[in-house]
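Q: Once you've had a glance at the structure underneath, I'll fire off some questions.
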Amino acid sequence: MILSRIADQTAADRSTSRDRPTRSSAEQRSRSLHRGARAAQLTYLLFLLSLAFAEPARAQGEPTLDSGDTAWLLTSSALVLMMTLPGLALFYGGLVRAKNVLSVLMQCMISAGAVGVLWILLGYSLAFSEQGELIGGMLGDLSAVGLSSIGPEDLRSGTAVPEYVFAMFQGMFAIITPALMAGAFAERMRFGAYLGFISSWLLLVYVPLAHMVWGGGWIASSLGALDFAGGLVVHMSSGFSALAAAILLGKRHGYRHDPMPPHSLPLTVVGAGMLWVGWFGFNGGSALGANSDAGLAFLTTQTAAATAVIGWALIEVLHTGKATVLGAATAAVAGLVAITPACAFVSPLGAIAIGAGASGVCYFAVTVLKPLWGYDDSLDVFGVHGMGGVWGALATGLFITEAALPEGVGWGAQIAKQVLSIGFVAVYSIAISVGILLALRVLLGSLRVESEDEQRGLDLSLHSENAYTLQPAGTMVGHAPAAAPREHSGAA
Amino acid sequence: MILSRIADQTAADRSTSRDRPTRSSAEQRSRSLHRGARAAQLTYLLFLLSLAFAEPARAQGEPTLDSGDTAWLLTSSALVLMMTLPGLALFYGGLVRAKNVLSVLMQCMISAGAVGVLWILLGYSLAFSEQGELIGGMLGDLSAVGLSSIGPEDLRSGTAVPEYVFAMFQGMFAIITPALMAGAFAERMRFGAYLGFISSWLLLVYVPLAHMVWGGGWIASSLGALDFAGGLVVHMSSGFSALAAAILLGKRHGYRHDPMPPHSLPLTVVGAGMLWVGWFGFNGGSALGANSDAGLAFLTTQTAAATAVIGWALIEVLHTGKATVLGAATAAVAGLVAITPACAFVSPLGAIAIGAGASGVCYFAVTVLKPLWGYDDSLDVFGVHGMGGVWGALATGLFITEAALPEGVGWGAQIAKQVLSIGFVAVYSIAISVGILLALRVLLGSLRVESEDEQRGLDLSLHSENAYTLQPAGTMVGHAPAAAPREHSGAA
Amino acid sequence: MILSRIADQTAADRSTSRDRPTRSSAEQRSRSLHRGARAAQLTYLLFLLSLAFAEPARAQGEPTLDSGDTAWLLTSSALVLMMTLPGLALFYGGLVRAKNVLSVLMQCMISAGAVGVLWILLGYSLAFSEQGELIGGMLGDLSAVGLSSIGPEDLRSGTAVPEYVFAMFQGMFAIITPALMAGAFAERMRFGAYLGFISSWLLLVYVPLAHMVWGGGWIASSLGALDFAGGLVVHMSSGFSALAAAILLGKRHGYRHDPMPPHSLPLTVVGAGMLWVGWFGFNGGSALGANSDAGLAFLTTQTAAATAVIGWALIEVLHTGKATVLGAATAAVAGLVAITPACAFVSPLGAIAIGAGASGVCYFAVTVLKPLWGYDDSLDVFGVHGMGGVWGALATGLFITEAALPEGVGWGAQIAKQVLSIGFVAVYSIAISVGILLALRVLLGSLRVESEDEQRGLDLSLHSENAYTLQPAGTMVGHAPAAAPREHSGAA
Amino acid sequence: MKLVEAIIKPFKLDAVREALAEVGVQGITVTEVKGYGRQKGHTELYRGAEYVVDLLPKLVVEAVVSDDQVDRTVQAVLRSASDSKIGDGKIFVTPISDVIRIRTGERGEDAL
Amino acid sequence: MKLVEAIIKPFKLDAVREALAEVGVQGITVTEVKGYGRQKGHTELYRGAEYVVDLLPKLVVEAVVSDDQVDRTVQAVLRSASDSKIGDGKIFVTPISDVIRIRTGERGEDAL
Amino acid sequence: MKLVEAIIKPFKLDAVREALAEVGVQGITVTEVKGYGRQKGHTELYRGAEYVVDLLPKLVVEAVVSDDQVDRTVQAVLRSASDSKIGDGKIFVTPISDVIRIRTGERGEDAL
Ligand SMILES: Nc1ncnc2c1ncn2[C@@H]1O[C@H](COP(=O)(O)OP(=O)(O)O)[C@@H](O)[C@H]1O
Ligand SMILES: Nc1ncnc2c1ncn2[C@@H]1O[C@H](COP(=O)(O)OP(=O)(O)O)[C@@H](O)[C@H]1O
Ligand SMILES: Nc1ncnc2c1ncn2[C@@H]1O[C@H](COP(=O)(O)OP(=O)(O)O)[C@@H](O)[C@H]1O
């Protein structure tokens, strides 16, 4: 086993990423051993010399920072934040009615804020520190609380990048995932309830799943399910949790009677474009280096998104006679969601299949499943991320290449592992989310704004602001009021 | 010749890019030879040792992935997609009237979709595979159809990056180029006609030109014209084809009688900003590595754009008394277009000259040439990309540095080569584009929407959507209608 | 000396960045000595051999380009331009009234243009060329005017990146800094006055400060104050100069009587998001390589911004009862400003302290200080950049880690140095800015537009354009008018 | 004929339109306006500053009806637009001297 | 004096304005409105769902004219705004009791 | 009762509203419109081309007042909206036959 691993290693550097959660320092060591072996082909003197020269590196006993890998992971981290701010904020902001656009932007901003802080203080340690596990296979430990135990020079084990950079890259994932859910209960949730929900959800749903899949936990190591860049951890988890939240919160006033068209489709298209671009960091960066896996992930990501756009447009033309712009934007995201778990495991043609499948699955979820079941998932988080995530996780098994199949696992067996992981993540996400929300409901009285505040719009009710003021009018009252502003200060 | 080349190589790694189409494996080999030569300065023992140590690398006999180069090319690919989505979409979207903004956004989205898929299936192979040419000097071959023959570990020959990454970088160019044309016939073309046009155009115009200039074809290898990042392939080709399309489609209803001001200049400025930023990937990435050429290209790109902004503002103040914001945005793009073919061949001061020239040439094209000739190039694609491209291709010869001049070619001779290439690309683009459009007209009946649909706006007519809905009102009819929506479903 | 340099260079690439202003060659040497010591453990023969192998590198006598460092600095440069275009343009554009949005966008565009050109011609040389200083410790020299003395292959000394790339990275800083000031006197300054102001300011304020802090001048080398990425040079300088300009120009018509709410908060949030993302290039790129300092800077940047968002929201809830979206956007920028000088000198927990402090300091400046003093700093440039910059420069001393403290300097001493540098930059910026503006007032008659033009809006008055035209109406007059447009052509 | 002009809260539009259709009003014209009256405006915040926006969004629904339809029309609006809250709005009734249908040139009640 | 109020299709504005100028109308005031009448609305799509928008964009052109100018004004609108298609719009004529020019305080027809 | 309709320059709104409040007008309705009259429009530029926008932004302020309040109302507008410049606007006074308050159903002057 170790030997075959080694062979794999030297043949190319792509291994870095595929099994990034399981890379051990043993493996690292085996690499340098192998290099020694090559030197053994030389004469004895040369061998000694080679030993001598190899010594410093071996004595140090640790890999060195690779500036190219680091450059790419820094870039990827920035791109993944761009997916949330401004990407997702715009995508969602354009889709709601004009009176609620700020509330959605705020949900994205505040996720960057709250999760940003929590991740440093607690989240990263619980998800990724590897000293000893708190709950067997489900959580990391507290050894990196506040990141105090990590220095700027420390590299993330199994990579050639600083652990700080790895922590940031993962932190950006932690920021976008709760924000994704905001689309499902948009236009009705109280701000405090949202803040409470995403904070708890981060620690109780996201962090455990991240550990189980990427941090050395059981989904990857025991079950053996594959999720390269977050189909399970990011999209399924948020999609299914969002569905639960949408149902618990109830439908928007006027749902399925009044039309609630996007107030600004251009914003949504811009957001979709930024999500697309940022996703290269999301998937490509998950290779944790600028290597051939990153290249493959980039290529399949682009290809799946492109195919989904075409697929969705085709379905629409057949179904309604018109290809819509919102359809294209939605399709791009659906394709990107679906390729996420699979992006470094499938071929370019596999990516086309996954993208095409995503357009079918998500179109069905959004136009048939949702009206059939009658829930009000405002911006189709479940239809796109939940169902797209399921399809992607399954398709990872269906379209995996020979080369990417883990040693000794058959194609059918891998599919079974994928199905199991899908079931687990769906049940886990829904169960814990429902628990959190019920607890919050007890704590806060209600998760929803008052009906009148909902009609007036969340921007004014929750934030005392108006998104667009084309013709200013009014009266200054005073700077820095000591008291809460008049009327409706209770809804937040 | 080989010797001087080698010297050039070792002094720095910048060569990678300048002549990226012509890099041969012979040249690659010469590099390692040179390294051997240097070792010969040492004593015999040391020489043996050096041989011994050099052995592994030489035995492998192939270049290895450079993570820094790969990181930059991945980043550049993402930046170039950002130029289309959301960059160009915003730039064009802001310039049209509010009733047509979605149709323009859709044209950009669908280019990413359709070209994205076609590129994987066919385009890349025809443009860049080098096994054997289909039509001498004009097309690559079918050996990389579906990219099936390429693996994630394969490097693009002559570079230190995975071929997948190279394919994506080039694919992003292939996506933006047809989308650029959309500005010329904006606000009147049918959606199906657009899709048919750009798909055919990709394969019949873009792919051959890309091969001729970058894929080893005759413009670079036989003619010897220089086009570092796509002045000929991207801007002139799209600009001249767009002119042909604008004329064939005819003028917009009310053209030159009704004012058709941009519906949202802020969107346009944002788009211009993103184009500017993305262009660093476009030009800098064309060095195919994070090397000194990339640095030079970045610097000249920035400098030419900045100069054009100032130049255009100055011309406007002299001509109309006011510097306009749309002028500044247009100027930036004009400067970027013009520096594109020259970016790694000229000095910083050369870039200033090219940027200044671009503002003059494009301002003249847009304000004098267009009204003089009377064609309706809605958003001035010909004026900016066509004429800017001509100027850039010419200026590449005019301002080329000694160091960048190909061995044995005089300054005047290079200018002549540039002029020939300009003529060829202009004629080729127009001829094939006209052919495609006439064929499509026969096939589809008409390339244009009905006059009433044009007046109502393409967003509603083609996509049954409204860009902005500030005060929603209406009646839900039903989810997932089985039939085409009522009224005007035929125009798409 | 040369020997130690080389050893250093080859051994590792990270030293470049942390204390780029203060890095002395002494320090350089001490590091390489240490590594030499390690080598001394080997036998004599091996030592000789090592010498032999080191030979080629030493023969070349110069450090080599690191592709990973170069990739990251190229990326960072693009990110920093994105901060201005479209980031800052959007942030400011959304905050002004609809009639002035274009004037603000234009100010950002024209900074990219004018500073972009001036930087190449003169600015870079005066700030960063190191041959000999013009005014002792205050300015560089003229040896790199027009960048003519620098070639694409030249590396920036002390780094492994091309000097061209370094020049561009620094150039992007030079572009955003004057543009930052535009927020303070928004909605009332003449366009020509603005252009004159920022051009002079660049050469008389920015360039000297950049030299003093980063180019080897006295603030870093003699005083020993630390400013990793521009708290003094960028934020304090622009914030204090902006305050002076706002006061000199006088208040907007109707200030503190009419409400002047943002015309589009979504634009502002998008801009804030882009600033946030771009800031990773700003701070992370200031490490001048993809090294552990870049990682640390990235992490502290993200953490401080996130903390400030949460801190500001908390303050708002306590103070007014509501957390606002504009508050969150402002807070993000405040946190980013404050961490800028400190980003590679503090721990993650230090970053949390700095971010929290920033929200307090800037909230106080904006809501208490401004109404108290009564100046009209339209978009709170002083409150956020000026005061945030002061806090950041101070906090750099307060929260600096042991490891980051310069050799032989105590904690208290460093704080004193920081305080001195704050005082110097405040006084210098205000004094020179006032001088420039008074001179321009004499030269141009007035810095402000006419009162009627101000009420009509600067977009129409200065640029003859309208930001939004949802329902076009009017009459074409003619293409390319030979004369200035009628009415109000004098204000620009 | 009379012009019945109802100033209503925006979210009442659908209800008013339905009520008018029930009593036989064939066409309406709707304008977005801002209203100032007894109803208090709302407070907005801007970087710690506070201001009152006292012009509130309203819709004006205009229907020209024959004289004998006026009462029914007014009743329909009252029924559908009232929440018995301040700010529910006003109805103004104005005499109209003529109505012409542009398409056909018809005049008077035929043009409605 | 009378207020002539024409509800027209938006793209007819230029034609109507020119026609009014020809018959001597010196000033007009234009309002963007939404109209509901015999003309059918259009369908929009939203993620596979379909809804009808039946309030269509219209413009109201208002001109106050002297009594003897009313007919010419109405004719000018009829000429310029009609396509003989449903939805071409309506003209309402209302008596006005006074007109005042704010600039000068002039009253009555002098103020037009 | 009369409807007093003042077409004013947008930036005069606050002054007019205050003046009306002073003379006892309790409520107003404001509409954004575009006006065309003696006042010249402005030139805009578009890539070197020039066009005149002659529809200028105006606000219509509507107040329904009792007959004896009409004069005071008109005077208040004249005072507050006039700059003695072309384009200051117009006031139209129209007779109203009835006013109803939606909230209470009150009619006539009680409803104001
Ligand atoms: N005298 C008036 N003239 C014109 N419009 C009025 C007048 N009074 C009220 N309005 C309009 O009616 C709306 C509702 O009036 P308001 O006084 O707030 O409530 P209510 O009608 O319930 O007493 C106002 O917002 C305004 O648009
Ligand atoms: N009774 C009415 N009161 C007020 N506005 C009306 C009335 N009837 C029609 N309108 C306006 O006139 C427009 C055109 O009317 P419509 O019935 O669609 O066509 P037509 O006038 O050709 O019969 C409508 O959109 C509406 O704005
Ligand atoms: N006859 C009219 N009917 C309707 N509105 C008018 C009429 N004349 C002028 N207006 C409105 O009054 C505004 C001011 O008129 P204008 O002729 O420009 O200036 P003044 O009232 O100072 O003579 C115009 O923009 C228009 O909105």
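Ligands are numbered from 1 in the order shown, chains are lettered A, B, ... in the order of the structure tokens, and residues start at 1 in each chain.
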Quick one: residues within 9 Å of Gly87 in chain B, only C-alpha atoms, excluding same-chain residues fewer than 2 positions away - as an MDAnalysis selection string?
A: (chainID A and resid 270 273) or (chainID B and resid 81:85 89:92 268 270:276 278)
Q: As a ChimeraX atom specification, list the residues of range 12-79 of chain D assigned to alpha helix (DSSP H) by DSSP on the backbone atoms of this structure.
A: /D:13-22,70-79
Q: Do me a favour and pick out the residues of chain A within 7 Å of chain B, using only C-alpha atoms, as a PDB file with N, CA and C atoms, in the first residue's frame.
A:
```
ATOM      1  N   ALA A  12       3.505  12.012 -10.308  1.00  0.00           N
ATOM      2  CA  ALA A  12       3.004  13.384 -10.468  1.00  0.00           C
ATOM      3  C   ALA A  12       2.716  13.968  -9.109  1.00  0.00           C
ATOM      4  N   SER A  67       6.167  28.580  -3.181  1.00  0.00           N
ATOM      5  CA  SER A  67       5.575  29.908  -3.399  1.00  0.00           C
ATOM      6  C   SER A  67       4.452  29.858  -4.426  1.00  0.00           C
ATOM      7  N   GLY A  68       4.558  28.959  -5.401  1.00  0.00           N
ATOM      8  CA  GLY A  68       3.504  28.861  -6.403  1.00  0.00           C
ATOM      9  C   GLY A  68       2.216  28.323  -5.809  1.00  0.00           C
ATOM     10  N   ASP A  69       2.337  27.256  -5.015  1.00  0.00           N
ATOM     11  CA  ASP A  69       1.151  26.719  -4.347  1.00  0.00           C
ATOM     12  C   ASP A  69       0.529  27.772  -3.440  1.00  0.00           C
ATOM     13  N   ALA A  71       0.818  31.039  -3.661  1.00  0.00           N
ATOM     14  CA  ALA A  71       0.205  32.095  -4.469  1.00  0.00           C
ATOM     15  C   ALA A  71      -1.200  31.692  -4.898  1.00  0.00           C
ATOM     16  N   TRP A  72      -1.324  30.455  -5.354  1.00  0.00           N
ATOM     17  CA  TRP A  72      -2.634  30.015  -5.844  1.00  0.00           C
ATOM     18  C   TRP A  72      -3.645  29.896  -4.709  1.00  0.00           C
ATOM     19  N   ALA A  98     -37.558  44.878  -4.152  1.00  0.00           N
ATOM     20  CA  ALA A  98     -36.712  46.035  -3.847  1.00  0.00           C
ATOM     21  C   ALA A  98     -36.749  46.402  -2.368  1.00  0.00           C
ATOM     22  N   ARG A 256     -47.420  32.556  -3.854  1.00  0.00           N
ATOM     23  CA  ARG A 256     -48.203  31.855  -4.884  1.00  0.00           C
ATOM     24  C   ARG A 256     -49.494  32.583  -5.252  1.00  0.00           C
ATOM     25  N   HIS A 257     -49.677  33.791  -4.762  1.00  0.00           N
ATOM     26  CA  HIS A 257     -50.780  34.611  -5.252  1.00  0.00           C
ATOM     27  C   HIS A 257     -50.194  35.835  -5.965  1.00  0.00           C
ATOM     28  N   ASP A 258     -49.409  36.589  -5.216  1.00  0.00           N
ATOM     29  CA  ASP A 258     -48.741  37.744  -5.830  1.00  0.00           C
ATOM     30  C   ASP A 258     -47.492  37.266  -6.548  1.00  0.00           C
ATOM     31  N   PRO A 259     -47.203  37.838  -7.698  1.00  0.00           N
ATOM     32  CA  PRO A 259     -45.909  37.530  -8.315  1.00  0.00           C
ATOM     33  C   PRO A 259     -44.814  38.232  -7.520  1.00  0.00           C
ATOM     34  N   MET A 260     -43.700  37.568  -7.363  1.00  0.00           N
ATOM     35  CA  MET A 260     -42.580  38.166  -6.630  1.00  0.00           C
ATOM     36  C   MET A 260     -41.336  38.108  -7.506  1.00  0.00           C
ATOM     37  N   PRO A 261     -41.398  38.833  -8.604  1.00  0.00           N
ATOM     38  CA  PRO A 261     -40.277  38.743  -9.547  1.00  0.00           C
ATOM     39  C   PRO A 261     -39.035  39.433  -8.995  1.00  0.00           C
ATOM     40  N   PRO A 262     -37.884  39.069  -9.506  1.00  0.00           N
ATOM     41  CA  PRO A 262     -36.618  39.705  -9.102  1.00  0.00           C
ATOM     42  C   PRO A 262     -36.732  41.210  -9.314  1.00  0.00           C
ATOM     43  N   HIS A 263     -36.236  41.987  -8.356  1.00  0.00           N
ATOM     44  CA  HIS A 263     -36.346  43.433  -8.558  1.00  0.00           C
ATOM     45  C   HIS A 263     -35.277  43.948  -9.498  1.00  0.00           C
ATOM     46  N   SER A 264     -34.192  43.192  -9.666  1.00  0.00           N
ATOM     47  CA  SER A 264     -33.144  43.644 -10.581  1.00  0.00           C
ATOM     48  C   SER A 264     -32.365  42.447 -11.112  1.00  0.00           C
ATOM     49  N   LEU A 265     -32.777  41.952 -12.266  1.00  0.00           N
ATOM     50  CA  LEU A 265     -32.070  40.814 -12.836  1.00  0.00           C
ATOM     51  C   LEU A 265     -30.621  41.127 -13.190  1.00  0.00           C
ATOM     52  N   PRO A 266     -30.305  42.361 -13.600  1.00  0.00           N
ATOM     53  CA  PRO A 266     -28.877  42.624 -13.840  1.00  0.00           C
ATOM     54  C   PRO A 266     -28.013  42.342 -12.623  1.00  0.00           C
ATOM     55  N   VAL A 270     -24.914  39.658 -12.615  1.00  0.00           N
ATOM     56  CA  VAL A 270     -23.569  40.023 -12.164  1.00  0.00           C
ATOM     57  C   VAL A 270     -23.125  39.089 -11.045  1.00  0.00           C
ATOM     58  N   GLY A 273     -22.168  35.792 -12.414  1.00  0.00           N
ATOM     59  CA  GLY A 273     -20.856  35.860 -13.050  1.00  0.00           C
ATOM     60  C   GLY A 273     -19.738  35.790 -12.022  1.00  0.00           C
ATOM     61  N   MET A 274     -19.922  36.509 -10.919  1.00  0.00           N
ATOM     62  CA  MET A 274     -18.884  36.489  -9.892  1.00  0.00           C
ATOM     63  C   MET A 274     -18.803  35.140  -9.194  1.00  0.00           C
ATOM     64  N   VAL A 277     -16.819  32.923 -11.583  1.00  0.00           N
ATOM     65  CA  VAL A 277     -15.385  33.223 -11.532  1.00  0.00           C
ATOM     66  C   VAL A 277     -14.783  32.760 -10.197  1.00  0.00           C
ATOM     67  N   PHE A 280     -13.764  29.053  -9.438  1.00  0.00           N
ATOM     68  CA  PHE A 280     -12.458  28.500  -9.833  1.00  0.00           C
ATOM     69  C   PHE A 280     -11.526  28.446  -8.627  1.00  0.00           C
ATOM     70  N   ALA A 290      -0.950  24.763  -6.814  1.00  0.00           N
ATOM     71  CA  ALA A 290      -1.081  25.032  -8.247  1.00  0.00           C
ATOM     72  C   ALA A 290      -0.538  23.833  -9.000  1.00  0.00           C
ATOM     73  N   ASN A 291      -1.303  22.754  -8.973  1.00  0.00           N
ATOM     74  CA  ASN A 291      -0.828  21.503  -9.544  1.00  0.00           C
ATOM     75  C   ASN A 291      -1.791  20.989 -10.605  1.00  0.00           C
ATOM     76  N   SER A 292      -1.572  19.778 -11.025  1.00  0.00           N
ATOM     77  CA  SER A 292      -2.398  19.268 -12.113  1.00  0.00           C
ATOM     78  C   SER A 292      -3.837  19.042 -11.654  1.00  0.00           C
ATOM     79  N   ASP A 293      -4.044  18.739 -10.388  1.00  0.00           N
ATOM     80  CA  ASP A 293      -5.406  18.627  -9.890  1.00  0.00           C
ATOM     81  C   ASP A 293      -6.136  19.948  -9.980  1.00  0.00           C
ATOM     82  N   GLY A 295      -5.598  22.186 -12.120  1.00  0.00           N
ATOM     83  CA  GLY A 295      -5.908  22.367 -13.538  1.00  0.00           C
ATOM     84  C   GLY A 295      -7.135  21.578 -13.941  1.00  0.00           C
ATOM     85  N   LEU A 296      -7.172  20.319 -13.517  1.00  0.00           N
ATOM     86  CA  LEU A 296      -8.330  19.484 -13.848  1.00  0.00           C
ATOM     87  C   LEU A 296      -9.594  20.064 -13.234  1.00  0.00           C
ATOM     88  N   LEU A 299     -10.815  23.025 -15.103  1.00  0.00           N
ATOM     89  CA  LEU A 299     -11.405  22.676 -16.396  1.00  0.00           C
ATOM     90  C   LEU A 299     -12.790  22.049 -16.250  1.00  0.00           C
ATOM     91  N   THR A 303     -16.394  23.605 -17.511  1.00  0.00           N
ATOM     92  CA  THR A 303     -17.139  22.832 -18.498  1.00  0.00           C
ATOM     93  C   THR A 303     -18.532  22.478 -17.995  1.00  0.00           C
ATOM     94  N   ALA A 306     -20.734  25.640 -18.098  1.00  0.00           N
ATOM     95  CA  ALA A 306     -21.110  25.980 -19.474  1.00  0.00           C
ATOM     96  C   ALA A 306     -22.182  25.022 -19.981  1.00  0.00           C
ATOM     97  N   THR A 307     -21.993  23.743 -19.717  1.00  0.00           N
ATOM     98  CA  THR A 307     -22.979  22.772 -20.197  1.00  0.00           C
ATOM     99  C   THR A 307     -24.334  22.986 -19.548  1.00  0.00           C
ATOM    100  N   VAL A 309     -25.631  25.732 -18.519  1.00  0.00           N
ATOM    101  CA  VAL A 309     -26.288  26.907 -19.113  1.00  0.00           C
ATOM    102  C   VAL A 309     -26.999  26.518 -20.402  1.00  0.00           C
ATOM    103  N   ILE A 310     -26.302  25.769 -21.229  1.00  0.00           N
ATOM    104  CA  ILE A 310     -26.901  25.350 -22.495  1.00  0.00           C
ATOM    105  C   ILE A 310     -28.050  24.367 -22.253  1.00  0.00           C
ATOM    106  N   HIS A 319     -39.867  23.672 -22.953  1.00  0.00           N
ATOM    107  CA  HIS A 319     -40.932  23.676 -21.966  1.00  0.00           C
ATOM    108  C   HIS A 319     -41.814  24.906 -22.046  1.00  0.00           C
ATOM    109  N   THR A 320     -41.200  26.075 -22.150  1.00  0.00           N
ATOM    110  CA  THR A 320     -41.999  27.308 -22.114  1.00  0.00           C
ATOM    111  C   THR A 320     -41.856  28.127 -23.390  1.00  0.00           C
ATOM    112  N   GLY A 321     -40.982  27.728 -24.268  1.00  0.00           N
ATOM    113  CA  GLY A 321     -40.829  28.463 -25.517  1.00  0.00           C
ATOM    114  C   GLY A 321     -39.759  29.536 -25.474  1.00  0.00           C
ATOM    115  N   LYS A 322     -39.307  29.907 -24.294  1.00  0.00           N
ATOM    116  CA  LYS A 322     -38.322  30.975 -24.178  1.00  0.00           C
ATOM    117  C   LYS A 322     -37.169  30.553 -23.278  1.00  0.00           C
ATOM    118  N   ALA A 323     -35.974  30.911 -23.649  1.00  0.00           N
ATOM    119  CA  ALA A 323     -34.833  30.775 -22.740  1.00  0.00           C
ATOM    120  C   ALA A 323     -34.752  32.054 -21.926  1.00  0.00           C
ATOM    121  N   THR A 324     -34.684  31.937 -20.613  1.00  0.00           N
ATOM    122  CA  THR A 324     -34.672  33.138 -19.788  1.00  0.00           C
ATOM    123  C   THR A 324     -33.273  33.421 -19.246  1.00  0.00           C
ATOM    124  N   VAL A 325     -33.085  34.679 -18.903  1.00  0.00           N
ATOM    125  CA  VAL A 325     -31.811  35.100 -18.349  1.00  0.00           C
ATOM    126  C   VAL A 325     -31.652  34.559 -16.926  1.00  0.00           C
ATOM    127  N   ALA A 328     -30.531  31.091 -17.192  1.00  0.00           N
ATOM    128  CA  ALA A 328     -29.098  30.929 -17.467  1.00  0.00           C
ATOM    129  C   ALA A 328     -28.272  31.134 -16.204  1.00  0.00           C
ATOM    130  N   PRO A 348     -13.034  15.661 -18.677  1.00  0.00           N
ATOM    131  CA  PRO A 348     -13.792  16.746 -19.291  1.00  0.00           C
ATOM    132  C   PRO A 348     -15.158  16.286 -19.788  1.00  0.00           C
ATOM    133  N   LEU A 349     -15.203  15.109 -20.395  1.00  0.00           N
ATOM    134  CA  LEU A 349     -16.506  14.644 -20.878  1.00  0.00           C
ATOM    135  C   LEU A 349     -17.418  14.285 -19.713  1.00  0.00           C
ATOM    136  N   THR A 367     -39.071  23.708 -10.732  1.00  0.00           N
ATOM    137  CA  THR A 367     -40.351  23.968 -11.401  1.00  0.00           C
ATOM    138  C   THR A 367     -41.407  22.913 -11.119  1.00  0.00           C
ATOM    139  N   VAL A 368     -41.007  21.744 -10.714  1.00  0.00           N
ATOM    140  CA  VAL A 368     -42.009  20.709 -10.457  1.00  0.00           C
ATOM    141  C   VAL A 368     -42.096  20.378  -8.967  1.00  0.00           C
ATOM    142  N   PRO A 371     -43.459  23.533  -6.501  1.00  0.00           N
ATOM    143  CA  PRO A 371     -44.914  23.739  -6.486  1.00  0.00           C
ATOM    144  C   PRO A 371     -45.673  22.509  -5.990  1.00  0.00           C
TER     145      PRO A 371
END
```
Q: Would you mind listing, as a ChimeraX atom specification, all residues of chain D that have at least one atom within 7 Å of chain E, where only C-alpha atoms are what counts?
A: /D:26-31,95-104
Q: Residues of chain D classed as strand (DSSP E) by DSSP on the backbone are to be reported as a count of residues only.
A: 46
Q: Can you state the RMSD, in Å, between chain C and chain A once they are superposed by least squares on every Cα paired in order?
A: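 When all C-alpha atoms are superposed, the deviation is 2.2 Å.
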Q: How many Å separate atom 10 (N, counted along the ligand's line) of ligand 3 from CA of Glu62 in chain E?
A: 8.4 Å
Q: Which one is closest to chain E: A:Thr330, A:Thr300, A:Gln414, A:Thr401? Count only C-alpha atoms.
A: A:Thr330
Q: My list of candidates is F:Val16, F:Glu22, F:Asp54, F:Tyr46. Which is closest to ligand 3 when distances are computed with only C-alpha atoms and all ligand atoms?
A: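 Nearest to ligand 3: F:Asp54.
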Q: Output as a PyMOL selection string the set of chain E residues within 10 Å of chain C, with distances taken over only C-alpha atoms.
A: chain E and resi 10-11+13-14+32
Q: What is the distance, in Å and to one decimal place, between CA of Trp411 in chain B and CA of Phe399 in chain B?
A: 9.2 Å
Q: To one decimal place in Å, what is the distance between CA of Cys362 in chain C and CA of Ala242 in chain C?
A: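 Straight-line distance from CA of Cys362 in chain C to CA of Ala242 in chain C works out to 15.5 Å.
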